[in-house]
Structure formats: C-alpha cells, structure tokens
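In what follows, a structure is listed as structure tokens, so that the remarks can point back to it.
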Amino acid sequence: MGLVAEDGTKGLKMKRAEPTENGLMRIAAGSDEKSELTDALVAELEKRGHEVVAFGPVAGQEESDWPLVCGWVAEAVAAGEADEGIVCCWTGTGASIAANKVPGVRAALVNDAQTARGARIWNHANVLALSLRATPIPIMHEILDAWFNTSASEGEAQSAWNQQQIDRIRQLEEKYRHEDGGRA
C-alpha cells in the first residue's frame with residue numbers, strides 16, 4: 001500500500017475475507033480510538049465478505065488524531081486503493097469534515113438507515129462517517145445494510161436531476177482547489 005502516515009507507519013491490511021454473492025469490496029476503515037463499535041464494524045465488514053484496510057488504532061497502531069486517521073482513509077478511497085471508506089470519531093462530525101477535505105471524497109455523517117440510503121442516492125457518498133458516541137451496534141448493522149444495498153450507479157441516483165447535483169458538487173470542488181493541488 002502506498003499510504004504512509006506522518007510517523008512513517010502504513011495502513012495495515014487485515015485478513016482478506018472470502019468473496020460473497022454481493023461481491024468483494026476493499027473498505028478503508030479508521031477511527032481515532034478502538035472501541036466496541038469499531039470492533040463490531042470490522043467484524044461485520046469481514047462477515048459480509050469485504051476486505052478491510054484499517055488505519056489508526058483500528059489497525060493496532062498507536063492512538064492517532066482523528067484528522068490524520070480520517071485523512072488516511074479518505075486518501076485511500078480517492079487514490080483507488082479502497083472502494084469505499086468508513087471513518088469514526090466521538091461525534092462523527094470531525095471525521096466527516098476531515099474526510100471531505102480530500103478531493104473526490106464525499107463523506108456523509110449517518111445516524112440511521114434512511115440517511116445512509118439518501119447519502120448514497122443523492123450525494124453518491126463514498127465514505128461513511130459514524131459517531132462512536134451515538135451509534136448503537138444494532139443501528140450500525142441497519143446503516144451498513146442500507147449503505148451496501150443502495151447503489152449510487154443506478155436508478156434514482158442516475159437521474160438527470162441527481163446527476164446535475166453531483167456535477168455541481170464537483171464544480172465546487174474544482175472551484176476551491178488550488179492549482180498546486182491543495183485545498184482552500
């Protein structure tokens with residue numbers, strides 16, 4: 001993997017899961033702390049047949065600040081090293097803000113299944129942000145069901161109106177991107 005943290009460590013690939021009928025995806029996952037939720041999240045992703053590329057304490061690394069860990073996850077998604085990402089912090093807000101600083105990432109802070117569906121359809125979200133404090137494990141399962149069962153590449157997500165909205169998001173991203181590749 002090409003992603004290297006400030007301290008020289010890399011995202012650690014966890015064991016590769018067997019493909020399921022839903023298809024295998026590489027999911028980058030990170031949090032600023034390891035918790036019951038992050039343990040359940042990784043276990044559930046693997047159970048569903050996804051390969052998990054973990055960052056920060058979720059990967060057994062020293063505790064890291066949420067902007068760094070969430071940035072690493074977002075960079076993995078933007079670079080194509082992961083198909084999608086999941087980031088967590090205490091509220092989930094900082095995780096989504098940090099991930100959204102990476103061009104090409106559309107992170108959505110989600111607290112229920114309906115919001116997960118909407119984020120996929122209307123925003124083509126490719127990074128899921130969860131609150132460590134406010135996401136019960138049974139709700140996490142519902143969110144993952146909605147997230148993985150809702151396509152951003154068919155149906156309403158591909159309507160002319162929705163595509164116009166996605167194009168406008170891309171235009172905003174381009175407008176505020178510095179010529180040197182940095183962000184505003």
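In the structure tokens, the first chain shown is A, the next is B, and so on; residue numbers restart at 1 for each chain, and ligands run from 1 in the order shown.
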
Leaving out Gly104 in chain A and any residue of its chain fewer than 2 positions from it, which residues lie within 9 Å of it when counting only C-alpha atoms, given as a PyMOL selection string? chain A and resi 74+77-78+100-102+106+126+170+173

Could you write out the selected residues, including N, CA and C atoms, as an mmCIF file, in the first residue's frame?
```cif
data_model
loop_
_atom_site.group_PDB
_atom_site.id
_atom_site.type_symbol
_atom_site.label_atom_id
_atom_site.label_comp_id
_atom_site.auth_asym_id
_atom_site.auth_seq_id
_atom_site.Cartn_x
_atom_site.Cartn_y
_atom_site.Cartn_z
ATOM 1 N N ALA A 74 -9.631 8.589 3.698
ATOM 2 C CA ALA A 74 -10.121 9.321 2.523
ATOM 3 C C ALA A 74 -9.115 9.266 1.377
ATOM 4 N N VAL A 77 -9.405 5.999 -0.447
ATOM 5 C CA VAL A 77 -10.565 5.977 -1.347
ATOM 6 C C VAL A 77 -10.273 6.807 -2.595
ATOM 7 N N ALA A 78 -9.767 8.013 -2.405
ATOM 8 C CA ALA A 78 -9.502 8.905 -3.537
ATOM 9 C C ALA A 78 -8.448 8.326 -4.483
ATOM 10 N N ASN A 100 -13.819 14.901 4.020
ATOM 11 C CA ASN A 100 -14.295 15.736 2.913
ATOM 12 C C ASN A 100 -13.267 16.746 2.423
ATOM 13 N N LYS A 101 -12.151 16.893 3.099
ATOM 14 C CA LYS A 101 -11.081 17.775 2.625
ATOM 15 C C LYS A 101 -10.298 17.143 1.481
ATOM 16 N N VAL A 102 -10.446 15.848 1.294
ATOM 17 C CA VAL A 102 -9.717 15.139 0.243
ATOM 18 C C VAL A 102 -10.549 15.184 -1.043
ATOM 19 N N ARG A 106 -16.687 12.071 -0.890
ATOM 20 C CA ARG A 106 -17.981 12.594 -0.451
ATOM 21 C C ARG A 106 -18.372 11.792 0.787
ATOM 22 N N ASN A 126 -19.135 8.180 -0.831
ATOM 23 C CA ASN A 126 -18.222 7.047 -0.909
ATOM 24 C C ASN A 126 -17.474 6.801 0.400
ATOM 25 N N ARG A 170 -18.994 18.621 -7.863
ATOM 26 C CA ARG A 170 -17.665 18.554 -8.492
ATOM 27 C C ARG A 170 -17.186 19.947 -8.897
ATOM 28 N N GLU A 173 -15.908 21.689 -5.885
ATOM 29 C CA GLU A 173 -14.613 21.122 -5.525
ATOM 30 C C GLU A 173 -13.506 21.706 -6.398
#
```

If you run DSSP over the backbone, which residues in range 4-151 of chain A end up strand (DSSP E)? Put them as an mmCIF file with N, CA and C atoms, in the first residue's frame.
```
data_model
loop_
_atom_site.group_PDB
_atom_site.id
_atom_site.type_symbol
_atom_site.label_atom_id
_atom_site.label_comp_id
_atom_site.auth_asym_id
_atom_site.auth_seq_id
_atom_site.Cartn_x
_atom_site.Cartn_y
_atom_site.Cartn_z
ATOM 1 N N LEU A 12 -2.573 -0.812 7.818
ATOM 2 C CA LEU A 12 -2.333 -2.241 7.895
ATOM 3 C C LEU A 12 -3.492 -3.003 7.301
ATOM 4 N N LYS A 13 -3.195 -3.877 6.361
ATOM 5 C CA LYS A 13 -4.248 -4.685 5.760
ATOM 6 C C LYS A 13 -4.584 -5.812 6.708
ATOM 7 N N ARG A 26 -12.989 -3.568 -1.184
ATOM 8 C CA ARG A 26 -11.943 -3.176 -0.247
ATOM 9 C C ARG A 26 -12.446 -1.927 0.466
ATOM 10 N N ILE A 27 -12.608 -2.015 1.781
ATOM 11 C CA ILE A 27 -13.134 -0.925 2.587
ATOM 12 C C ILE A 27 -12.028 -0.415 3.502
ATOM 13 N N ALA A 28 -11.681 0.864 3.374
ATOM 14 C CA ALA A 28 -10.740 1.501 4.301
ATOM 15 C C ALA A 28 -11.542 1.927 5.523
ATOM 16 N N ALA A 29 -11.037 1.629 6.699
ATOM 17 C CA ALA A 29 -11.749 1.969 7.933
ATOM 18 C C ALA A 29 -10.766 2.542 8.937
ATOM 19 N N GLY A 30 -11.189 3.610 9.604
ATOM 20 C CA GLY A 30 -10.310 4.199 10.599
ATOM 21 C C GLY A 30 -11.065 4.996 11.633
ATOM 22 N N SER A 31 -10.442 5.109 12.789
ATOM 23 C CA SER A 31 -11.004 5.853 13.904
ATOM 24 C C SER A 31 -9.847 6.325 14.766
ATOM 25 N N GLU A 51 -12.885 -6.919 2.221
ATOM 26 C CA GLU A 51 -11.517 -6.793 2.710
ATOM 27 C C GLU A 51 -11.430 -5.460 3.453
ATOM 28 N N VAL A 52 -10.890 -5.475 4.650
ATOM 29 C CA VAL A 52 -10.791 -4.258 5.455
ATOM 30 C C VAL A 52 -9.338 -3.804 5.486
ATOM 31 N N VAL A 53 -9.119 -2.555 5.095
ATOM 32 C CA VAL A 53 -7.816 -1.911 5.236
ATOM 33 C C VAL A 53 -7.983 -0.916 6.369
ATOM 34 N N ALA A 54 -7.376 -1.209 7.502
ATOM 35 C CA ALA A 54 -7.602 -0.425 8.717
ATOM 36 C C ALA A 54 -6.481 0.580 8.946
ATOM 37 N N PHE A 55 -6.860 1.702 9.559
ATOM 38 C CA PHE A 55 -5.922 2.769 9.878
ATOM 39 C C PHE A 55 -6.084 3.188 11.330
ATOM 40 N N GLU A 84 -14.397 2.047 -0.925
ATOM 41 C CA GLU A 84 -15.162 2.960 -0.071
ATOM 42 C C GLU A 84 -14.456 3.050 1.259
ATOM 43 N N GLY A 85 -14.921 3.986 2.080
ATOM 44 C CA GLY A 85 -14.308 4.147 3.386
ATOM 45 C C GLY A 85 -15.332 4.335 4.485
ATOM 46 N N ILE A 86 -14.904 4.054 5.707
ATOM 47 C CA ILE A 86 -15.723 4.308 6.890
ATOM 48 C C ILE A 86 -14.811 4.959 7.922
ATOM 49 N N VAL A 87 -15.232 6.123 8.411
ATOM 50 C CA VAL A 87 -14.458 6.868 9.402
ATOM 51 C C VAL A 87 -15.308 7.092 10.640
ATOM 52 N N CYS A 88 -14.651 7.123 11.787
ATOM 53 C CA CYS A 88 -15.356 7.323 13.057
ATOM 54 C C CYS A 88 -14.572 8.277 13.945
ATOM 55 N N CYS A 89 -15.294 9.046 14.709
ATOM 56 C CA CYS A 89 -14.743 9.802 15.828
ATOM 57 C C CYS A 89 -15.882 9.960 16.832
ATOM 58 N N ALA A 107 -17.969 12.325 1.948
ATOM 59 C CA ALA A 107 -18.236 11.658 3.220
ATOM 60 C C ALA A 107 -19.557 12.151 3.788
ATOM 61 N N ALA A 108 -20.330 11.226 4.339
ATOM 62 C CA ALA A 108 -21.631 11.561 4.923
ATOM 63 C C ALA A 108 -21.700 11.048 6.353
ATOM 64 N N LEU A 109 -22.005 11.947 7.277
ATOM 65 C CA LEU A 109 -22.253 11.566 8.667
ATOM 66 C C LEU A 109 -23.657 10.982 8.726
ATOM 67 N N VAL A 127 -17.739 7.646 1.389
ATOM 68 C CA VAL A 127 -17.187 7.450 2.732
ATOM 69 C C VAL A 127 -18.320 7.642 3.734
ATOM 70 N N LEU A 128 -18.471 6.678 4.602
ATOM 71 C CA LEU A 128 -19.479 6.695 5.654
ATOM 72 C C LEU A 128 -18.822 7.173 6.940
ATOM 73 N N ALA A 129 -19.410 8.165 7.598
ATOM 74 C CA ALA A 129 -18.901 8.646 8.889
ATOM 75 C C ALA A 129 -19.893 8.250 9.984
ATOM 76 N N LEU A 130 -19.365 7.698 11.063
ATOM 77 C CA LEU A 130 -20.194 7.254 12.182
ATOM 78 C C LEU A 130 -19.705 7.888 13.482
ATOM 79 N N SER A 131 -20.644 8.138 14.380
ATOM 80 C CA SER A 131 -20.328 8.640 15.713
ATOM 81 C C SER A 131 -20.057 7.470 16.649
#
```

What does the distance between CA of Tyr176 in chain A and CA of Trp90 in chain A come to in Å, to one decimal place? 28.3 Å

Tell me which protein, DNA and RNA residues are within 9 Å of Lys34 in chain A, counting only C-alpha atoms, leaving out same-chain ones fewer than 5 positions away, and put them as a count of residues only. 7

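Minimum distance to Ser151 in chain A across A:Gln165, A:Pro138, A:Arg117, A:Leu172 (counting only C-alpha atoms) occurs at A:Arg117.
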
A:Ala146, A:Val110, A:Gln158, A:Val105: which is nearest Ala82 in chain A, counting only C-alpha atoms?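 Of all the options, A:Val105 lies closest to Ala82 in chain A.
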
With DSSP run on the backbone, what are the helix (DSSP H, G or I) residues within chain A? I'd like them as a ChimeraX atom specification. /A:36-47,56-59,66-78,93-100,113-123,137-149,155-158,160-175

Can you work out the spacing between CA of Glu142 in chain A and CA of Glu156 in chain A in Å, to one decimal?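 Answer for the CA of Glu142 in chain A to CA of Glu156 in chain A separation: 21.0 Å.
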
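Of the listed residues (A:Ile137, A:Gly118, A:Ala157, A:Lys175), A:Ile137 comes nearest to Ala43 in chain A; the distances count only C-alpha atoms.
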
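Across the structure, CA of Thr135 in chain A and CA of Asp112 in chain A are spaced 8.6 Å apart.
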
Find the spatial neighbours of range 122-124 of chain A, counting only C-alpha atoms, within a cut-off of 7 Å - ignore same-chain residues fewer than 6 positions away - and output them as a list in words.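 Using only C-alpha atoms, the neighbours found are Ala152, Ala157, Asn162 and Ile166 of chain A.
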
Selected residues written out, N, CA and C atoms, as a short mmCIF file (atom, residue, chain, number, x, y, z; two decimals), in the first residue's frame:
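Writing done, so here's result.cif:
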```
data_model
loop_
_atom_site.label_atom_id
_atom_site.label_comp_id
_atom_site.auth_asym_id
_atom_site.auth_seq_id
_atom_site.Cartn_x
_atom_site.Cartn_y
_atom_site.Cartn_z
N ALA A 152 -25.25 3.83 -5.98
CA ALA A 152 -25.08 5.19 -6.49
C ALA A 152 -24.94 5.18 -8.01
N ALA A 157 -30.40 7.47 -8.43
CA ALA A 157 -29.07 8.06 -8.28
C ALA A 157 -28.51 8.54 -9.62
N ASN A 162 -30.43 14.36 -10.48
CA ASN A 162 -29.43 14.00 -9.50
C ASN A 162 -28.02 14.14 -10.06
N ILE A 166 -24.72 16.25 -8.56
CA ILE A 166 -23.37 15.70 -8.38
C ILE A 166 -22.37 16.52 -9.17
#
```
